[in-house]
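Novice: TSV, C-alpha atoms, saved as final-v3.tsv, coming up:
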chain	number	residue	atom	x	y	z
G	1	MET	CA	8.23	-11.69	-3.68
G	2	PHE	CA	7.12	-8.60	-1.77
G	3	GLU	CA	6.04	-9.58	1.74
G	4	CYS	CA	2.87	-7.74	2.77
G	5	ASP	CA	1.60	-8.17	6.32
G	6	LYS	CA	-1.93	-7.12	5.30
G	7	CYS	CA	-2.25	-4.28	7.83
G	8	GLY	CA	-4.44	-2.33	5.38
G	9	LEU	CA	-2.74	1.02	5.98
G	10	CYS	CA	-1.70	1.54	2.36
G	11	CYS	CA	-5.25	0.86	1.19
G	12	SER	CA	-6.82	3.09	3.81
G	13	HIS	CA	-4.67	6.11	2.92
G	14	ILE	CA	-4.96	6.55	-0.86
G	15	GLY	CA	-6.56	9.99	-0.80
G	16	GLY	CA	-4.77	12.66	-2.78
G	17	CYS	CA	-2.95	10.11	-4.92
G	18	GLU	CA	-3.99	10.62	-8.53
G	19	VAL	CA	-3.23	7.05	-9.66
G	20	TYR	CA	-5.66	5.65	-7.08
G	21	LYS	CA	-8.47	8.21	-7.43
G	22	GLU	CA	-10.87	5.73	-9.06
G	23	LEU	CA	-10.45	3.42	-6.05
G	24	ASP	CA	-11.04	6.16	-3.44
G	25	ARG	CA	-14.50	5.90	-1.90
G	26	GLY	CA	-14.29	9.60	-1.09
G	27	ASP	CA	-12.58	9.53	2.28
G	28	GLY	CA	-9.14	8.33	1.27
G	29	VAL	CA	-9.99	4.67	1.78
G	30	CYS	CA	-10.08	2.18	-1.08
G	31	LYS	CA	-13.66	1.23	-1.89
G	32	PHE	CA	-12.61	-2.42	-2.01
G	33	LEU	CA	-11.03	-2.52	1.46
G	34	ASN	CA	-12.98	-4.76	3.83
G	35	GLY	CA	-11.44	-4.57	7.30
G	36	ASN	CA	-7.74	-4.87	6.48
G	37	LEU	CA	-8.22	-7.06	3.42
G	38	CYS	CA	-8.97	-6.43	-0.24
G	39	SER	CA	-12.39	-7.69	-1.30
G	40	ILE	CA	-11.19	-8.04	-4.92
G	41	TYR	CA	-7.71	-9.34	-4.11
G	42	ASN	CA	-7.49	-11.79	-7.02
G	43	LYS	CA	-8.73	-9.12	-9.46
G	44	ARG	CA	-7.11	-6.03	-7.92
G	45	PRO	CA	-5.60	-3.37	-10.21
G	46	LEU	CA	-2.02	-3.67	-11.42
G	47	LEU	CA	-0.75	-0.83	-9.19
G	48	CYS	CA	-2.00	-2.76	-6.16
G	49	ARG	CA	0.17	-5.73	-7.16
G	50	VAL	CA	3.71	-4.89	-6.10
G	51	ASP	CA	5.47	-7.72	-7.89
G	52	GLU	CA	3.49	-7.45	-11.12
G	53	SER	CA	3.71	-3.66	-11.24
G	54	TYR	CA	7.47	-3.97	-10.88
G	55	GLU	CA	7.64	-6.38	-13.82
G	56	GLN	CA	5.34	-4.38	-16.09
G	57	ILE	CA	6.15	-0.78	-15.16
G	58	PHE	CA	9.22	-0.26	-13.01
G	59	SER	CA	11.72	-2.94	-14.07
G	60	SER	CA	13.23	-0.65	-16.71
G	61	LYS	CA	13.63	2.14	-14.15
G	62	MET	CA	15.19	0.41	-11.11
G	63	SER	CA	16.23	-2.91	-9.67
G	64	ARG	CA	13.70	-5.14	-7.93
G	65	GLU	CA	15.68	-4.69	-4.71
G	66	ASP	CA	15.43	-0.89	-4.91
G	67	PHE	CA	11.73	-1.11	-5.78
G	68	TYR	CA	11.07	-3.32	-2.76
G	69	LYS	CA	13.09	-0.98	-0.55
G	70	LEU	CA	10.93	1.96	-1.65
G	71	ASN	CA	7.76	0.01	-0.97
G	72	TYR	CA	8.94	-1.18	2.44
G	73	LYS	CA	10.03	2.38	3.28
G	74	ALA	CA	6.56	3.73	2.41
G	75	CYS	CA	4.96	0.94	4.41
G	76	LYS	CA	7.12	1.67	7.45
G	77	ALA	CA	6.39	5.41	7.18
G	78	LEU	CA	2.63	4.74	7.20
G	79	LYS	CA	2.94	2.42	10.18
G	80	ASN	CA	5.10	4.89	12.10
G	81	LYS	CA	2.73	7.78	11.42
G	82	TYR	CA	-0.50	6.01	12.29
G	83	LEU	CA	0.92	4.02	15.18
G	84	GLN	CA	2.10	7.29	16.76
G	85	GLU	CA	-1.33	8.89	16.20
G	86	ALA	CA	-3.06	5.86	17.74
G	87	GLN	CA	-0.74	5.97	20.76
G	88	GLN	CA	-1.35	9.71	21.22
G	89	CYS	CA	-5.12	9.16	21.14
G	90	HIS	CA	-4.76	6.35	23.64
G	91	TYR	CA	-2.86	8.52	26.11
G	92	HIS	CA	-5.17	11.54	25.86
Using structure tokens, write down the structure that the file contains.

Specialist:
Amino acid sequence: MFECDKCGLCCSHIGGCEVYKELDRGDGVCKFLNGNLCSIYNKRPLLCRVDESYEQIFSSKMSREDFYKLNYKACKALKNKYLQEAQQCHYH
């Protein structure tokens, strides 16, 4: 099972991503994000469900391990980018 730490970064940076355009409230943030949590978690779209989207969409294209690695890599990249920006703002 994909381990999400519920930081909310992936849901607060969906702008410009065509597959999430219906979820974008207009500023790149998911319209269902409340703080760091999803307000429709139990009914969230398939693409927001890492494990289920693997089973239904990506399992014929790659291994679960590779799929998780890609998701963790994207997660880490978001955290690195926005943590650095936050630290720069803090020091200026």

Novice: Considering all atoms listed in the file, can you say which of G:Cys75, G:Cys11, G:Gly16, G:Glu65 comes closest to Cys48 in chain G?

Specialist: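 Once distances to Cys48 in chain G are computed over all atoms listed in the file, the minimum belongs to G:Cys11.
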
Novice: Which of these, G:Tyr68, G:Arg25, G:Asn36, G:Phe58, has the shortest distance to Gly8 in chain G once you count all atoms listed in the file?

Specialist: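 Of the candidates, the smallest distance to Gly8 in chain G is held by G:Asn36.
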
Novice: Would you mind telling me which residue in G:Val19, G:Lys81, G:Tyr54, G:Leu37 lies nearest to Cys4 in chain G when using all atoms listed in the file?

Specialist: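 Under the stated criterion, the closest residue is G:Leu37.
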
Novice: What's around range 26-29 of chain G at 10 Å? Count all atoms listed in the file, leave out sequence neighbours fewer than 2 positions away in its own chain, and write the answer as a VMD selection string.

Specialist: chain G and resid 8 to 17 20 to 24 31 to 33

Novice: Hey, can you check how far CA of Ser63 in chain G sits from CA of Arg49 in chain G?

Specialist: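 Calculated distance between CA of Ser63 in chain G and CA of Arg49 in chain G is 16.5 Å.
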
Novice: Which is closer to Asn71 in chain G than all the others in G:Asp51, G:Cys38, G:Gln84, G:Cys30, using only C-alpha atoms?

Specialist: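 Under the stated criterion, the closest residue is G:Asp51.
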
Novice: Compare G:Lys69, G:Gly35, G:Leu78, G:Arg44 by their minimum atom-to-atom distance to Glu3 in chain G, counting all atoms listed in the file, and give me the closest one.

Specialist: G:Lys69

Novice: Mind giving me the straight-line distance from CA of Met1 in chain G to CA of Ser60 in chain G in Å, one decimal?

Specialist: 17.8 Å

Novice: Could you tell me how far CA of Ile57 in chain G sits from CA of Pro45 in chain G, in Å to one decimal place?

Specialist: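 Separation of CA of Pro45 in chain G and CA of Ile57 in chain G: 13.0 Å.
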
Novice: Considering only C-alpha atoms, can you say which of G:Glu18, G:Val50, G:Glu55, G:Tyr41 comes closest to Leu70 in chain G?

Specialist: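 For Leu70 in chain G, the nearest of the given residues is G:Val50.
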